[in-house]
$ cat coords.txt   # compact mmCIF, C-alpha atoms and all ligand atoms
# COMPACT_ATOMS: atom_id res chain seq x y z
CA MET A 1 -3.76 -35.71 3.57
CA ASN A 2 -0.36 -36.67 2.22
CA ALA A 3 -0.97 -35.37 -1.30
CA ASN A 4 2.09 -33.55 -2.55
CA LYS A 5 1.10 -29.92 -2.78
CA GLY A 6 4.65 -28.68 -3.06
CA ASN A 7 6.37 -26.22 -0.78
CA ILE A 8 6.28 -22.55 0.02
CA THR A 9 8.51 -20.55 -2.32
CA MET A 10 9.67 -16.91 -2.21
CA LEU A 11 6.98 -16.09 -4.79
CA HIS A 12 4.29 -16.97 -2.21
CA GLY A 13 5.30 -13.80 -0.35
CA ALA A 14 5.79 -11.48 -3.30
CA GLY A 15 2.33 -9.97 -3.81
CA GLY A 16 0.84 -10.78 -7.22
CA THR A 17 -1.10 -13.80 -8.40
CA VAL A 18 0.91 -16.53 -6.63
CA MET A 19 0.48 -14.90 -3.23
CA HIS A 20 -3.18 -14.08 -3.86
CA ASP A 21 -3.82 -17.73 -4.71
CA LEU A 22 -2.10 -18.84 -1.49
CA VAL A 23 -4.20 -16.41 0.55
CA LYS A 24 -7.46 -17.40 -1.14
CA ASN A 25 -6.87 -21.16 -1.27
CA TYR A 26 -5.43 -21.59 2.22
CA ILE A 27 -5.78 -18.55 4.52
CA VAL A 28 -9.33 -17.60 3.50
CA LYS A 29 -10.29 -21.30 3.29
CA TYR A 30 -9.51 -21.80 6.97
CA PHE A 31 -10.09 -18.35 8.53
CA GLY A 32 -12.87 -17.01 6.25
CA GLY A 33 -16.53 -17.01 7.21
CA ILE A 34 -16.02 -17.08 10.97
CA GLY A 35 -15.90 -14.06 13.24
CA ASN A 36 -17.79 -10.81 13.25
CA ALA A 37 -16.42 -8.26 10.85
CA GLU A 38 -18.19 -5.58 8.83
CA VAL A 39 -15.31 -5.73 6.36
CA PRO A 40 -14.13 -9.36 6.81
CA LEU A 41 -10.98 -11.26 5.94
CA GLU A 42 -12.42 -12.50 2.66
CA ALA A 43 -12.90 -8.92 1.41
CA LEU A 44 -9.06 -8.94 1.25
CA ASP A 45 -8.93 -5.19 1.69
CA ASP A 46 -5.92 -3.42 3.24
CA ALA A 47 -7.36 -3.96 6.74
CA ALA A 48 -10.52 -5.35 8.35
CA VAL A 49 -13.34 -3.48 10.06
CA VAL A 50 -14.79 -4.74 13.35
CA GLY A 51 -17.57 -2.53 14.66
CA ASP A 52 -16.25 1.01 14.29
CA THR A 53 -12.63 -0.13 14.57
CA VAL A 54 -10.19 -0.84 11.77
CA LEU A 55 -7.82 -3.72 12.58
CA LYS A 56 -4.57 -4.63 10.84
CA SER A 57 -1.54 -6.88 11.36
CA ASP A 58 1.55 -6.83 9.17
CA SER A 59 4.92 -8.57 9.51
CA HIS A 60 8.08 -7.15 8.00
CA ALA A 61 11.04 -9.22 6.86
CA VAL A 62 12.85 -6.81 4.55
CA LYS A 63 16.36 -7.79 3.56
CA PRO A 64 18.67 -6.05 4.38
CA ILE A 65 17.26 -4.40 7.53
CA PHE A 66 18.91 -1.07 6.62
CA PHE A 67 18.53 0.28 3.08
CA PRO A 68 18.82 3.70 1.38
CA GLY A 69 16.08 5.94 2.76
CA GLY A 70 14.88 3.68 5.56
CA ASP A 71 15.08 0.57 7.70
CA ILE A 72 12.89 -2.30 8.86
CA GLY A 73 11.56 -0.30 11.83
CA ARG A 74 10.34 2.65 9.78
CA LEU A 75 8.86 0.19 7.30
CA ALA A 76 7.01 -1.80 9.98
CA ILE A 77 5.34 1.27 11.51
CA SER A 78 4.54 2.87 8.12
CA GLY A 79 3.18 -0.36 6.59
CA THR A 80 0.58 -0.90 9.29
CA VAL A 81 -0.28 2.79 9.69
CA ASN A 82 -0.83 3.15 5.93
CA ASP A 83 -3.01 0.05 5.64
CA ILE A 84 -5.26 1.41 8.42
CA ALA A 85 -5.22 4.92 6.94
CA VAL A 86 -6.33 3.90 3.42
CA LEU A 87 -9.66 2.68 4.79
CA GLY A 88 -10.22 6.26 5.98
CA ALA A 89 -9.42 5.59 9.64
CA GLU A 90 -7.01 7.31 11.97
CA PRO A 91 -4.56 4.87 13.58
CA TYR A 92 -4.68 5.30 17.36
CA ALA A 93 -2.71 2.42 18.90
CA LEU A 94 -0.09 -0.08 17.73
CA ALA A 95 1.28 -3.38 19.06
CA CYS A 96 4.76 -4.57 18.13
CA GLY A 97 6.08 -8.15 18.04
CA LEU A 98 9.86 -8.37 17.65
CA VAL A 99 11.63 -11.56 16.58
CA LEU A 100 15.35 -10.96 16.99
CA GLU A 101 18.08 -13.17 15.63
CA GLU A 102 20.95 -14.18 17.85
CA GLY A 103 23.94 -12.04 16.89
CA LEU A 104 22.02 -8.87 16.02
CA ALA A 105 24.14 -5.93 17.24
CA ILE A 106 22.52 -4.07 20.13
CA ALA A 107 23.58 -0.82 18.42
CA ASP A 108 21.57 -1.83 15.31
CA PHE A 109 18.62 -2.88 17.48
CA GLU A 110 18.64 0.55 19.11
CA LYS A 111 18.86 2.31 15.73
CA ILE A 112 15.77 0.42 14.61
CA LEU A 113 13.84 1.31 17.78
CA ALA A 114 14.79 5.00 17.46
CA SER A 115 13.60 4.94 13.86
CA MET A 116 10.30 3.35 14.94
CA ARG A 117 9.84 6.05 17.59
CA GLN A 118 10.49 8.81 15.01
CA THR A 119 8.00 7.22 12.56
CA CYS A 120 5.37 6.90 15.32
CA GLN A 121 5.78 10.61 16.07
CA GLU A 122 5.31 11.47 12.39
CA ALA A 123 2.15 9.36 12.29
CA GLY A 124 0.83 10.60 15.65
CA VAL A 125 0.43 7.10 17.09
CA GLY A 126 2.27 5.01 19.68
CA VAL A 127 3.29 1.41 20.33
CA VAL A 128 1.42 0.48 23.52
CA THR A 129 2.04 -3.26 23.81
CA GLY A 130 4.15 -5.98 22.28
CA ASP A 131 6.38 -8.97 22.67
CA THR A 132 10.03 -9.87 22.11
CA LYS A 133 11.42 -13.27 21.09
CA VAL A 134 14.94 -14.37 20.17
CA VAL A 135 15.75 -17.18 17.72
CA GLU A 136 19.03 -18.93 16.90
CA LYS A 137 21.32 -17.50 14.26
CA GLY A 138 20.00 -18.48 10.85
CA SER A 139 18.49 -16.85 7.82
CA LEU A 140 16.34 -14.20 9.47
CA GLY A 141 18.75 -11.48 8.40
CA GLY A 142 18.73 -9.76 11.80
CA CYS A 143 15.10 -9.46 12.83
CA VAL A 144 11.48 -9.74 11.80
CA ILE A 145 9.00 -7.15 13.09
CA ASN A 146 5.25 -7.47 13.34
CA VAL A 147 3.21 -4.35 13.91
CA SER A 148 -0.51 -4.61 14.47
CA GLY A 149 -2.80 -1.67 15.01
CA VAL A 150 -6.27 -0.26 15.40
CA GLY A 151 -7.81 2.79 13.78
CA ARG A 152 -10.97 4.77 14.40
CA ARG A 153 -13.50 6.82 12.48
CA THR A 154 -12.91 10.56 12.31
CA GLU A 155 -14.89 13.67 11.40
CA ALA A 156 -12.74 13.92 8.28
CA LEU A 157 -13.97 10.48 7.14
CA GLU A 158 -17.63 11.45 7.80
CA ARG A 159 -17.14 14.67 5.86
CA ASN A 160 -15.56 12.80 2.95
CA LEU A 161 -18.48 10.35 2.75
CA LYS A 162 -20.93 13.28 2.74
CA VAL A 163 -19.10 14.85 -0.19
CA VAL A 164 -19.19 11.57 -2.15
CA LYS A 165 -22.96 11.34 -1.55
CA GLN A 166 -23.45 14.85 -2.97
CA PHE A 167 -22.34 13.48 -6.32
CA ARG A 168 -23.52 9.89 -5.96
CA SER A 169 -26.84 9.60 -4.14
CA ASP A 170 -26.72 5.78 -4.04
CA PHE A 171 -23.34 5.67 -2.24
CA LYS A 172 -23.77 3.56 0.90
CA ALA A 173 -20.25 2.59 2.00
CA ARG A 174 -19.14 3.56 5.53
CA TRP A 175 -15.45 3.10 4.74
CA ILE A 176 -13.02 3.76 1.89
CA LEU A 177 -12.97 0.33 0.25
CA ASP A 178 -11.44 -1.20 -2.89
CA SER A 179 -14.98 -2.15 -3.99
CA ASN A 180 -16.29 1.47 -4.01
CA LEU A 181 -15.16 2.65 -7.45
CA LYS A 182 -17.70 3.63 -10.10
CA PRO A 183 -17.21 4.53 -13.78
CA GLY A 184 -16.15 8.16 -14.08
CA ASP A 185 -14.06 8.21 -10.88
CA LYS A 186 -10.62 9.72 -11.44
CA ILE A 187 -7.51 7.79 -10.36
CA LEU A 188 -4.75 9.79 -8.67
CA LEU A 189 -1.25 8.72 -7.70
CA SER A 190 0.44 10.65 -4.88
CA GLY A 191 3.98 10.52 -6.33
CA THR A 192 6.71 8.60 -8.14
CA ILE A 193 6.66 4.79 -8.34
CA GLY A 194 9.37 2.18 -7.92
CA ASP A 195 11.66 4.09 -5.54
CA HIS A 196 11.33 1.68 -2.58
CA GLY A 197 11.82 -1.55 -4.54
CA LEU A 198 14.84 -0.20 -6.38
CA ALA A 199 16.42 1.16 -3.17
CA VAL A 200 16.06 -2.25 -1.46
CA LEU A 201 17.32 -4.07 -4.56
CA SER A 202 20.39 -1.82 -4.70
CA ALA A 203 21.13 -2.68 -1.04
CA GLN A 204 20.56 -6.42 -1.63
CA GLU A 205 22.76 -6.64 -4.67
CA GLY A 206 25.31 -3.96 -3.81
CA LEU A 207 24.28 -2.17 -6.99
CA SER A 208 24.89 1.48 -7.58
CA PHE A 209 22.67 3.10 -10.17
CA GLY A 210 24.94 6.12 -10.53
CA SER A 211 22.49 8.13 -8.46
CA SER A 212 20.87 8.02 -5.08
CA ILE A 213 17.60 6.15 -5.34
CA LYS A 214 16.05 6.23 -1.87
CA SER A 215 13.08 4.41 -0.44
CA ASP A 216 9.90 6.49 -0.14
CA VAL A 217 8.90 4.71 3.12
CA LYS A 218 6.77 7.03 5.25
CA PRO A 219 3.50 7.13 7.20
CA LEU A 220 0.68 8.77 5.25
CA SER A 221 -2.09 8.86 7.87
CA ARG A 222 -1.97 12.61 8.49
CA LEU A 223 -1.95 13.41 4.77
CA ILE A 224 -4.90 11.09 4.18
CA GLN A 225 -6.96 12.66 6.98
CA ARG A 226 -6.32 16.09 5.43
CA LEU A 227 -7.48 14.91 1.98
CA LEU A 228 -10.65 13.43 3.49
CA GLY A 229 -11.47 16.39 5.72
CA GLU A 230 -10.37 19.37 3.64
CA VAL A 231 -11.60 18.25 0.20
CA GLY A 232 -13.42 14.91 0.29
CA GLY A 233 -15.04 12.91 -2.50
CA ILE A 234 -12.59 10.03 -2.15
CA THR A 235 -14.17 6.63 -2.88
CA ALA A 236 -11.19 4.21 -2.64
CA MET A 237 -7.52 4.25 -1.64
CA LYS A 238 -4.66 1.80 -1.66
CA ASP A 239 -0.95 1.84 -0.87
CA PRO A 240 0.73 0.20 -3.89
CA THR A 241 3.19 -2.00 -1.97
CA ARG A 242 4.23 -5.52 -3.17
CA GLY A 243 3.23 -5.93 -6.82
CA GLY A 244 3.24 -2.16 -7.23
CA LEU A 245 0.77 0.01 -9.10
CA ALA A 246 -0.16 -2.88 -11.43
CA ASP A 247 -1.39 -5.01 -8.52
CA ALA A 248 -3.19 -2.12 -6.77
CA LEU A 249 -5.12 -1.11 -9.91
CA ASN A 250 -6.11 -4.72 -10.59
CA GLU A 251 -7.43 -5.01 -7.01
CA PHE A 252 -9.63 -1.94 -7.60
CA SER A 253 -10.79 -3.26 -10.96
CA GLU A 254 -11.66 -6.77 -9.73
CA LYS A 255 -13.39 -5.76 -6.52
CA SER A 256 -15.37 -2.90 -8.07
CA HIS A 257 -16.14 -4.81 -11.32
CA ILE A 258 -15.03 -1.92 -13.53
CA GLY A 259 -12.34 -1.12 -16.05
CA ILE A 260 -9.48 1.27 -15.32
CA LEU A 261 -7.64 3.24 -17.99
CA VAL A 262 -4.36 4.91 -17.04
CA HIS A 263 -2.16 7.15 -19.16
CA GLU A 264 1.53 6.26 -19.31
CA ASP A 265 2.65 9.88 -19.74
CA LYS A 266 0.89 10.84 -16.50
CA ILE A 267 2.50 8.20 -14.27
CA PRO A 268 5.23 9.93 -12.24
CA ILE A 269 8.53 8.06 -12.27
CA ARG A 270 12.04 9.29 -11.54
CA LYS A 271 14.42 9.24 -14.50
CA ASP A 272 17.02 7.19 -12.59
CA VAL A 273 14.38 4.65 -11.45
CA LYS A 274 13.17 4.30 -15.03
CA ALA A 275 16.72 3.85 -16.31
CA ALA A 276 17.56 1.29 -13.61
CA CYS A 277 14.35 -0.66 -14.38
CA GLU A 278 15.22 -0.72 -18.09
CA MET A 279 18.73 -1.91 -17.32
CA LEU A 280 17.48 -4.71 -15.04
CA GLY A 281 14.47 -5.66 -17.17
CA LEU A 282 11.96 -4.71 -14.48
CA ASP A 283 8.53 -3.18 -15.04
CA PRO A 284 8.29 -0.15 -12.71
CA LEU A 285 4.51 -0.67 -12.53
CA GLU A 286 5.16 -3.97 -10.69
CA VAL A 287 7.78 -2.69 -8.24
CA GLY A 288 6.66 -2.00 -4.65
CA ASN A 289 6.29 1.39 -2.96
CA GLU A 290 5.97 2.23 0.75
CA GLY A 291 5.07 5.90 0.78
CA LYS A 292 2.52 6.31 -1.99
CA ILE A 293 -1.26 6.16 -2.32
CA VAL A 294 -3.47 5.41 -5.29
CA ILE A 295 -6.69 7.37 -4.83
CA SER A 296 -10.05 7.06 -6.56
CA VAL A 297 -12.12 10.23 -6.29
CA VAL A 298 -15.41 11.44 -7.78
CA LYS A 299 -14.47 13.37 -10.92
CA GLU A 300 -15.93 16.64 -9.62
CA LYS A 301 -13.37 16.68 -6.78
CA ALA A 302 -10.31 15.28 -8.56
CA GLU A 303 -8.65 18.63 -9.34
CA GLU A 304 -9.13 19.84 -5.75
CA VAL A 305 -7.63 16.67 -4.27
CA LEU A 306 -4.69 17.01 -6.68
CA LYS A 307 -4.21 20.67 -5.75
CA LEU A 308 -4.04 19.89 -2.04
CA LEU A 309 -1.70 16.93 -2.63
CA LYS A 310 0.68 19.14 -4.59
CA THR A 311 1.02 21.56 -1.66
CA THR A 312 2.38 18.74 0.57
CA GLU A 313 5.86 17.24 0.77
CA GLU A 314 4.47 13.67 0.38
CA GLY A 315 2.29 14.57 -2.61
CA LYS A 316 4.20 17.24 -4.49
CA GLU A 317 4.64 14.99 -7.54
CA ALA A 318 1.05 13.73 -7.57
CA GLU A 319 -0.84 13.33 -10.83
CA ILE A 320 -4.28 12.34 -12.08
CA ILE A 321 -3.20 9.18 -13.93
CA GLY A 322 -6.48 7.80 -15.23
CA GLU A 323 -10.14 7.00 -14.73
CA ALA A 324 -12.57 4.20 -14.02
CA THR A 325 -14.70 3.14 -16.99
CA LYS A 326 -17.46 0.74 -17.95
CA ASP A 327 -16.11 0.45 -21.52
CA PHE A 328 -14.01 -2.64 -20.70
CA SER A 329 -12.99 -4.79 -17.74
CA GLY A 330 -9.49 -5.06 -16.28
CA VAL A 331 -6.73 -2.46 -16.40
CA ALA A 332 -5.32 -0.87 -19.54
CA MET A 333 -2.69 1.76 -20.20
CA GLN A 334 -2.67 4.29 -22.99
CA THR A 335 1.01 4.25 -23.97
CA VAL A 336 3.08 7.27 -24.99
CA VAL A 337 3.30 5.94 -28.54
CA GLY A 338 -0.49 5.84 -28.81
CA GLY A 339 -1.21 2.13 -28.29
CA LYS A 340 -3.07 0.40 -25.51
CA ARG A 341 -1.42 -2.14 -23.23
CA ILE A 342 -3.23 -4.49 -20.84
CA ILE A 343 -1.84 -4.17 -17.31
CA GLN A 344 -2.12 -7.58 -15.70
CA ARG A 345 -1.73 -8.46 -12.08
CA PRO A 346 1.94 -9.44 -11.78
CA VAL A 347 2.88 -13.01 -10.87
CA GLY A 348 4.88 -11.47 -8.00
CA ASP A 349 6.90 -8.39 -7.18
CA PRO A 350 10.21 -8.73 -9.07
CA VAL A 351 12.22 -7.71 -5.99
CA PRO A 352 12.25 -10.32 -3.16
CA ARG A 353 11.76 -9.39 0.53
CA ILE A 354 11.07 -5.71 -0.02
CA CYS A 355 8.90 -5.43 3.07
MG MG B 401 -2.06 -2.06 1.58
$ encode --input "coords.txt" --output "structure tokens"
Amino acid sequence: MNANKGNITMLHGAGGTVMHDLVKNYIVKYFGGIGNAEVPLEALDDAAVVGDTVLKSDSHAVKPIFFPGGDIGRLAISGTVNDIAVLGAEPYALACGLVLEEGLAIADFEKILASMRQTCQEAGVGVVTGDTKVVEKGSLGGCVINVSGVGRRTEALERNLKVVKQFRSDFKARWILDSNLKPGDKILLSGTIGDHGLAVLSAQEGLSFGSSIKSDVKPLSRLIQRLLGEVGGITAMKDPTRGGLADALNEFSEKSHIGILVHEDKIPIRKDVKAACEMLGLDPLEVGNEGKIVISVVKEKAEEVLKLLKTTEEGKEAEIIGEATKDFSGVAMQTVVGGKRIIQRPVGDPVPRIC
């Protein structure tokens, strides 16, 4: 009982292997195996499924609470909406728990609430219940926001599953899960990576990268419903947040027991983000995003999904970046110089408190 197991460190909240170990060895140990979920806690997907309802809870502690391209309120709504949306569900109600730090300016509080309202309108969902607490001045950095939410099945999801079955007769999944990939599936990325992490880092450190790197934080639920309903064939989706694309691809690979090969020259990345990462010694594949989706789609539908993505504001820089394969396990990248590099799950996102 008194064995020294150390203390919680910042790395325990940074995505990657350290956080995954904490979740598996402690959270799943105590919460796993009880309750009634079709997609349970121990599946460690973006959200859980209870009956025909998708359920998600996500707390946001980004530092600072305002950063280029967004703020903690926009992040809190988008984070929960996107985790519900990537299972194929449409978010239809949210709950919001606010923990405010003594000293937070009312004007800033109101700015955050207005931003949350705007983001809710973009996502087509509302906050219908919640709670507010205040704590003494300390290290909170202004406030912490929890947003929980529920999502429901839609005709677009049913249509998508039907399209997958046309090409894969043994497909049984009722939801878009990390474990659904099969060799041959194409992997798409909806846009550039690293923008959010770099924008938050620049605000944390007072860095200027000689350009305006802005967070990509946005709700993607409407876009995702369009992809499911208008094209279909999507087998898995993930928002590459903490731990970035590297972590998201490793989740797919582990849970679906397949290899994933991506092509470096296909991965969209802004020139200034790439340059800033090189300067700071960061791997853009491990930096978090808040407005992107990684999509696995049956190969017969990949070009159509890409075409639709490219007609949208959120997906105009989308690319097919790779494919699932049975030739090896894990994640590998074909580099621009012609070699192959193993993409491991990062130890943790290199930027602290990005969400
Ligand atoms: Mg997620």
$ atom_distance --input "coords.txt" --atom1 "CA of Gly229 (chain A)" --atom2 "CA of Val50 (chain A)"
22.7 Å
$ closest_atom_pairs --input "coords.txt" --of "region 166-220 of chain A" --to "region 323-331 of chain A" --cutoff "12 Å" --atoms "all atoms listed in the file" --output "CSV"
residue,atom,partner,partner_atom,distance
A:Asn180,CA,A:Ala324,CA,11.0
A:Leu181,CA,A:Ala324,CA,7.2
A:Lys182,CA,A:Ala324,CA,6.5
A:Pro183,CA,A:Thr325,CA,4.3
A:Gly184,CA,A:Ala324,CA,5.3
A:Asp185,CA,A:Ala324,CA,5.3
A:Lys186,CA,A:Glu323,CA,4.3
A:Ile187,CA,A:Glu323,CA,5.2
A:Leu188,CA,A:Glu323,CA,8.6
A:Leu189,CA,A:Glu323,CA,11.5
$ closest_residue --input "coords.txt" --among "A:Lys5, A:Lys56, A:Lys172, A:Lys316" --to "ligand MG 401 (chain B)" --atoms "only C-alpha atoms and all ligand atoms"
A:Lys56
$ residues_near_ligand --input "coords.txt" --ligand "ligand MG 401 (chain B)" --cutoff "8 Å" --atoms "all atoms listed in the file" --output "PDB file with C-alpha atoms, in the coordinates of the input"
ATOM      1  CA  ASP A  45      -8.930  -5.190   1.690  1.00  0.00           C
ATOM      2  CA  ASP A  46      -5.920  -3.420   3.240  1.00  0.00           C
ATOM      3  CA  ALA A  47      -7.360  -3.960   6.740  1.00  0.00           C
ATOM      4  CA  GLY A  79       3.180  -0.360   6.590  1.00  0.00           C
ATOM      5  CA  ASN A  82      -0.830   3.150   5.930  1.00  0.00           C
ATOM      6  CA  ASP A  83      -3.010   0.050   5.640  1.00  0.00           C
ATOM      7  CA  VAL A  86      -6.330   3.900   3.420  1.00  0.00           C
ATOM      8  CA  LYS A 238      -4.660   1.800  -1.660  1.00  0.00           C
ATOM      9  CA  ASP A 239      -0.950   1.840  -0.870  1.00  0.00           C
ATOM     10  CA  PRO A 240       0.730   0.200  -3.890  1.00  0.00           C
ATOM     11  CA  THR A 241       3.190  -2.000  -1.970  1.00  0.00           C
TER      12      THR A 241
END
$ residues_around --input "coords.txt" --residues "Arg74 (chain A)" --least-positions-apart "4" --cutoff "10 Å" --atoms "only C-alpha atoms" --output "PDB file with C-alpha atoms, in the frame of the given file"
ATOM      1  CA  PHE A  66      18.910  -1.070   6.620  1.00  0.00           C
ATOM      2  CA  GLY A  69      16.080   5.940   2.760  1.00  0.00           C
ATOM      3  CA  GLY A  70      14.880   3.680   5.560  1.00  0.00           C
ATOM      4  CA  SER A  78       4.540   2.870   8.120  1.00  0.00           C
ATOM      5  CA  GLY A  79       3.180  -0.360   6.590  1.00  0.00           C
ATOM      6  CA  ILE A 112      15.770   0.420  14.610  1.00  0.00           C
ATOM      7  CA  LEU A 113      13.840   1.310  17.780  1.00  0.00           C
ATOM      8  CA  ALA A 114      14.790   5.000  17.460  1.00  0.00           C
ATOM      9  CA  SER A 115      13.600   4.940  13.860  1.00  0.00           C
ATOM     10  CA  MET A 116      10.300   3.350  14.940  1.00  0.00           C
ATOM     11  CA  ARG A 117       9.840   6.050  17.590  1.00  0.00           C
ATOM     12  CA  GLN A 118      10.490   8.810  15.010  1.00  0.00           C
ATOM     13  CA  THR A 119       8.000   7.220  12.560  1.00  0.00           C
ATOM     14  CA  CYS A 120       5.370   6.900  15.320  1.00  0.00           C
ATOM     15  CA  VAL A 217       8.900   4.710   3.120  1.00  0.00           C
ATOM     16  CA  LYS A 218       6.770   7.030   5.250  1.00  0.00           C
ATOM     17  CA  PRO A 219       3.500   7.130   7.200  1.00  0.00           C
TER      18      PRO A 219
END
